[in-house]
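**Student:** The following block contains the structure, expressed as structure tokens.
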Amino acid sequence: MKKRQDYISWDEYFMGVALLSAKRSKDPSTQVGACIVNDKHKIVGAGYNGLPAGCDDDEFPWARQGEFLDTKYPYICHAELNAILNNIGMDLKGCKIYTALFPCNECTKAIIQSGIREVSNRCTSGCCTPVREQWRGARNLLPMRRCSPSKRSTRTGASSADRSN
């Protein structure tokens with residue numbers, strides 16, 4: 001009997017972990033997860049968007065509009081930053097981060113500073129086209145630091161190199 005041929009690629013697997021991590025988010029409007037992987041295909045960090053550890057999810061606002069301090073924005077920690085902060089205590093130089101949405105400028109700076117070499121996001125068409133200045137800034141930063149942004153789509157088949165241990 002031969003091994004099965006329809007198993008998922010490493011990219012599909014790690015994006016799946018990022019999407020599963022997003023399900024931990026308490027945010028009623030946007031759930032984002034992130035997964036950081038080293039060059040040996042080992043998960044070294046994961047996170048989702050939410051309040052900092054120890055903050056009560058019921059004590060802070062979740063609104064998207066209103067006075068700044070009455071919205072979620074000054075309080076939420078993005079998935080990418082949480083994945084970096086929650087890493088297993090190793091140097092992230094050369095790692096890759098998987099996230100459903102393209103990271104904002106603040107997360108992009110943290111990604112670059114941590115040494116992550118590649119950003120893989122799920123968007124394949126216009127879903128994450130930068131419309132706000134912070135995403136435009138993030139798109140400008142990555143190529144300057146040789147940190148490549150890549151768009152990954154779900155593939156029906158993967159090369160054997162993608163499936164190797």
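Ordering of the structure tokens sets the chain letters (A, B, ...); residue numbers start at 1 within each chain; ligands are numbered from 1 in the order shown.
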Give me the residues within 12 Å of A:Gly89 as a list in words, counting only C-alpha atoms and dropping any in the same chain fewer than 4 places off.
**Tutor:** Ile43, Val44, Gly45, Ala83, Ile84, Leu85 and Ser114 of chain A
**Student:** Name the residues of stretch 7-138 of chain A that fall into strand (DSSP E or B) according to DSSP on the backbone, using the chain letters and numbers of this document, as a ChimeraX atom specification.
**Tutor:** /A:33-37,43-48,50,77,96-99,118-121
**Student:** Name all residues at most 12 Å from A:Cys55 (count only C-alpha atoms; drop same-chain ones fewer than 6 positions away) and give them as a compact mmCIF listing (two decimals) with C-alpha atoms, in the first residue's frame.
**Tutor:**
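The new file around-v9.txt reads:
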# COMPACT_ATOMS: atom_id res chain seq x y z
CA PRO A 61 -15.31 47.93 25.35
CA TYR A 75 -6.82 47.99 24.46
CA ILE A 76 -6.56 45.11 21.97
CA CYS A 77 -3.26 43.37 21.29
**Student:** Which value, in Å to one decimal, gives the distance between atom CA of A:Cys35 and atom CA of A:Asp70?
**Tutor:**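 One can read the atom CA of A:Cys35 to atom CA of A:Asp70 distance as 29.6 Å.
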**Student:** Would you kindly return, as a count of residues only, each protein, DNA or RNA residue with an atom no farther than 10 Å from any atom of A:Asp27, considering only C-alpha atoms and excluding same-chain residues fewer than 3 positions away?
**Tutor:** 16
**Student:** Tell me which protein, DNA and RNA residues are within 8 Å of A:Ala100, counting only C-alpha atoms, leaving out same-chain ones fewer than 6 positions away, and put them as a list in words.
**Tutor:** Met15, Ala18, Leu19, Val32, Gly33, Ala34, Asn121, Arg122 and Cys123 of chain A
**Student:** Between atom CA of A:Phe102 and atom CA of A:Val37, what is the distance in Å, rounded to a tenth?
**Tutor:**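 The value is 16.9 Å.
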**Student:** Env of A:Gly94: 7 Å cut, atoms = only C-alpha atoms, seq-sep filter 2 positions within chain, self excluded. Answer as a PDB file with C-alpha atoms, in the first residue's frame.
**Tutor:**
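Output file around-v9.pdb is given in full below:
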ATOM      1  CA  ASN A  38      10.852  27.986  12.348  1.00  0.00           C
ATOM      2  CA  LEU A  92      12.690  34.242  15.946  1.00  0.00           C
ATOM      3  CA  LYS A  96       7.837  32.696   9.145  1.00  0.00           C
ATOM      4  CA  GLY A 115      13.808  38.750  12.847  1.00  0.00           C
ATOM      5  CA  ILE A 116      10.875  37.004  11.178  1.00  0.00           C
ATOM      6  CA  ARG A 117      11.771  36.661   7.485  1.00  0.00           C
TER       7      ARG A 117
END
**Student:** From the list A:Glu80, A:Glu118, A:Glu12, A:Asp6, which residue is nearest A:Gly47 when using only C-alpha atoms?
**Tutor:** A:Glu80
**Student:** Which value, in Å to one decimal, gives the distance between atom CA of A:Cys95 and atom CA of A:Asp39?
**Tutor:**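 Answer for the atom CA of A:Cys95 to atom CA of A:Asp39 separation: 6.2 Å.
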**Student:** Among stretch 26-133 of chain A, which ones does DSSP assign to helix (DSSP H, G or I) (computed from the backbone)? Answer as a VMD selection string.
**Tutor:** chain A and resid 68 to 70 79 to 85 105 to 114 133
**Student:** Go ahead and write the residues just picked, N, CA, C and O atoms, as a PDB file, in the first residue's frame.
**Tutor:**
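And here is the file that came out, out-v1.pdb:
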ATOM      1  N   PHE A  68     -12.475  57.402  21.195  1.00  0.00           N
ATOM      2  CA  PHE A  68     -11.367  56.449  21.140  1.00  0.00           C
ATOM      3  C   PHE A  68     -11.314  55.527  22.359  1.00  0.00           C
ATOM      4  O   PHE A  68     -11.229  54.307  22.231  1.00  0.00           O
ATOM      5  N   LEU A  69     -11.391  56.085  23.564  1.00  0.00           N
ATOM      6  CA  LEU A  69     -11.296  55.263  24.777  1.00  0.00           C
ATOM      7  C   LEU A  69     -12.532  54.400  25.024  1.00  0.00           C
ATOM      8  O   LEU A  69     -12.516  53.528  25.899  1.00  0.00           O
ATOM      9  N   ASP A  70     -13.580  54.633  24.246  1.00  0.00           N
ATOM     10  CA  ASP A  70     -14.791  53.816  24.338  1.00  0.00           C
ATOM     11  C   ASP A  70     -14.832  52.733  23.263  1.00  0.00           C
ATOM     12  O   ASP A  70     -15.851  52.069  23.090  1.00  0.00           O
ATOM     13  N   ALA A  79      -2.999  39.802  16.951  1.00  0.00           N
ATOM     14  CA  ALA A  79      -2.568  38.399  16.924  1.00  0.00           C
ATOM     15  C   ALA A  79      -1.076  38.255  16.649  1.00  0.00           C
ATOM     16  O   ALA A  79      -0.394  37.444  17.287  1.00  0.00           O
ATOM     17  N   GLU A  80      -0.563  39.043  15.713  1.00  0.00           N
ATOM     18  CA  GLU A  80       0.846  38.923  15.343  1.00  0.00           C
ATOM     19  C   GLU A  80       1.754  39.282  16.518  1.00  0.00           C
ATOM     20  O   GLU A  80       2.719  38.577  16.803  1.00  0.00           O
ATOM     21  N   LEU A  81       1.413  40.374  17.212  1.00  0.00           N
ATOM     22  CA  LEU A  81       2.215  40.773  18.368  1.00  0.00           C
ATOM     23  C   LEU A  81       2.097  39.736  19.492  1.00  0.00           C
ATOM     24  O   LEU A  81       3.086  39.391  20.130  1.00  0.00           O
ATOM     25  N   ASN A  82       0.894  39.230  19.707  1.00  0.00           N
ATOM     26  CA  ASN A  82       0.715  38.188  20.723  1.00  0.00           C
ATOM     27  C   ASN A  82       1.540  36.948  20.391  1.00  0.00           C
ATOM     28  O   ASN A  82       2.147  36.340  21.280  1.00  0.00           O
ATOM     29  N   ALA A  83       1.583  36.559  19.138  1.00  0.00           N
ATOM     30  CA  ALA A  83       2.377  35.383  18.748  1.00  0.00           C
ATOM     31  C   ALA A  83       3.864  35.620  19.021  1.00  0.00           C
ATOM     32  O   ALA A  83       4.560  34.729  19.499  1.00  0.00           O
ATOM     33  N   ILE A  84       4.340  36.830  18.741  1.00  0.00           N
ATOM     34  CA  ILE A  84       5.738  37.161  19.015  1.00  0.00           C
ATOM     35  C   ILE A  84       6.004  37.132  20.516  1.00  0.00           C
ATOM     36  O   ILE A  84       6.974  36.529  20.988  1.00  0.00           O
ATOM     37  N   LEU A  85       5.123  37.764  21.296  1.00  0.00           N
ATOM     38  CA  LEU A  85       5.306  37.832  22.745  1.00  0.00           C
ATOM     39  C   LEU A  85       5.119  36.474  23.422  1.00  0.00           C
ATOM     40  O   LEU A  85       5.710  36.209  24.465  1.00  0.00           O
ATOM     41  N   ASN A 105       0.896  48.339  10.569  1.00  0.00           N
ATOM     42  CA  ASN A 105       2.261  48.869  10.638  1.00  0.00           C
ATOM     43  C   ASN A 105       2.945  48.557  11.963  1.00  0.00           C
ATOM     44  O   ASN A 105       4.146  48.273  12.005  1.00  0.00           O
ATOM     45  N   GLU A 106       2.226  48.604  13.084  1.00  0.00           N
ATOM     46  CA  GLU A 106       2.844  48.333  14.385  1.00  0.00           C
ATOM     47  C   GLU A 106       3.275  46.868  14.484  1.00  0.00           C
ATOM     48  O   GLU A 106       4.373  46.567  14.966  1.00  0.00           O
ATOM     49  N   CYS A 107       2.427  45.956  14.040  1.00  0.00           N
ATOM     50  CA  CYS A 107       2.801  44.539  14.063  1.00  0.00           C
ATOM     51  C   CYS A 107       3.926  44.271  13.077  1.00  0.00           C
ATOM     52  O   CYS A 107       4.817  43.462  13.355  1.00  0.00           O
ATOM     53  N   THR A 108       3.906  44.952  11.944  1.00  0.00           N
ATOM     54  CA  THR A 108       4.973  44.782  10.955  1.00  0.00           C
ATOM     55  C   THR A 108       6.311  45.193  11.545  1.00  0.00           C
ATOM     56  O   THR A 108       7.326  44.499  11.340  1.00  0.00           O
ATOM     57  N   LYS A 109       6.336  46.284  12.293  1.00  0.00           N
ATOM     58  CA  LYS A 109       7.594  46.694  12.934  1.00  0.00           C
ATOM     59  C   LYS A 109       8.065  45.639  13.925  1.00  0.00           C
ATOM     60  O   LYS A 109       9.260  45.315  13.983  1.00  0.00           O
ATOM     61  N   ALA A 110       7.144  45.068  14.694  1.00  0.00           N
ATOM     62  CA  ALA A 110       7.512  44.013  15.652  1.00  0.00           C
ATOM     63  C   ALA A 110       7.995  42.764  14.912  1.00  0.00           C
ATOM     64  O   ALA A 110       8.944  42.102  15.349  1.00  0.00           O
ATOM     65  N   ILE A 111       7.370  42.444  13.794  1.00  0.00           N
ATOM     66  CA  ILE A 111       7.778  41.294  12.987  1.00  0.00           C
ATOM     67  C   ILE A 111       9.210  41.491  12.497  1.00  0.00           C
ATOM     68  O   ILE A 111      10.053  40.600  12.621  1.00  0.00           O
ATOM     69  N   ILE A 112       9.491  42.668  11.970  1.00  0.00           N
ATOM     70  CA  ILE A 112      10.838  42.960  11.470  1.00  0.00           C
ATOM     71  C   ILE A 112      11.855  42.927  12.609  1.00  0.00           C
ATOM     72  O   ILE A 112      12.908  42.300  12.498  1.00  0.00           O
ATOM     73  N   GLN A 113      11.535  43.599  13.715  1.00  0.00           N
ATOM     74  CA  GLN A 113      12.460  43.654  14.855  1.00  0.00           C
ATOM     75  C   GLN A 113      12.757  42.272  15.424  1.00  0.00           C
ATOM     76  O   GLN A 113      13.847  42.012  15.911  1.00  0.00           O
ATOM     77  N   SER A 114      11.779  41.369  15.367  1.00  0.00           N
ATOM     78  CA  SER A 114      11.978  40.034  15.927  1.00  0.00           C
ATOM     79  C   SER A 114      12.801  39.136  15.017  1.00  0.00           C
ATOM     80  O   SER A 114      13.228  38.062  15.434  1.00  0.00           O
ATOM     81  N   GLU A 133      -3.777  54.207   6.119  1.00  0.00           N
ATOM     82  CA  GLU A 133      -2.362  54.553   6.076  1.00  0.00           C
ATOM     83  C   GLU A 133      -1.474  53.536   6.796  1.00  0.00           C
ATOM     84  O   GLU A 133      -0.381  53.245   6.346  1.00  0.00           O
TER      85      GLU A 133
END
**Student:** Please determine, counting only C-alpha atoms, which residue among A:Asn87, A:Ser9, A:Thr99, A:Thr71 has the shortest atom-to-atom distance to A:Ser21.
**Tutor:**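 The answer is A:Thr99, which sits nearest to A:Ser21.
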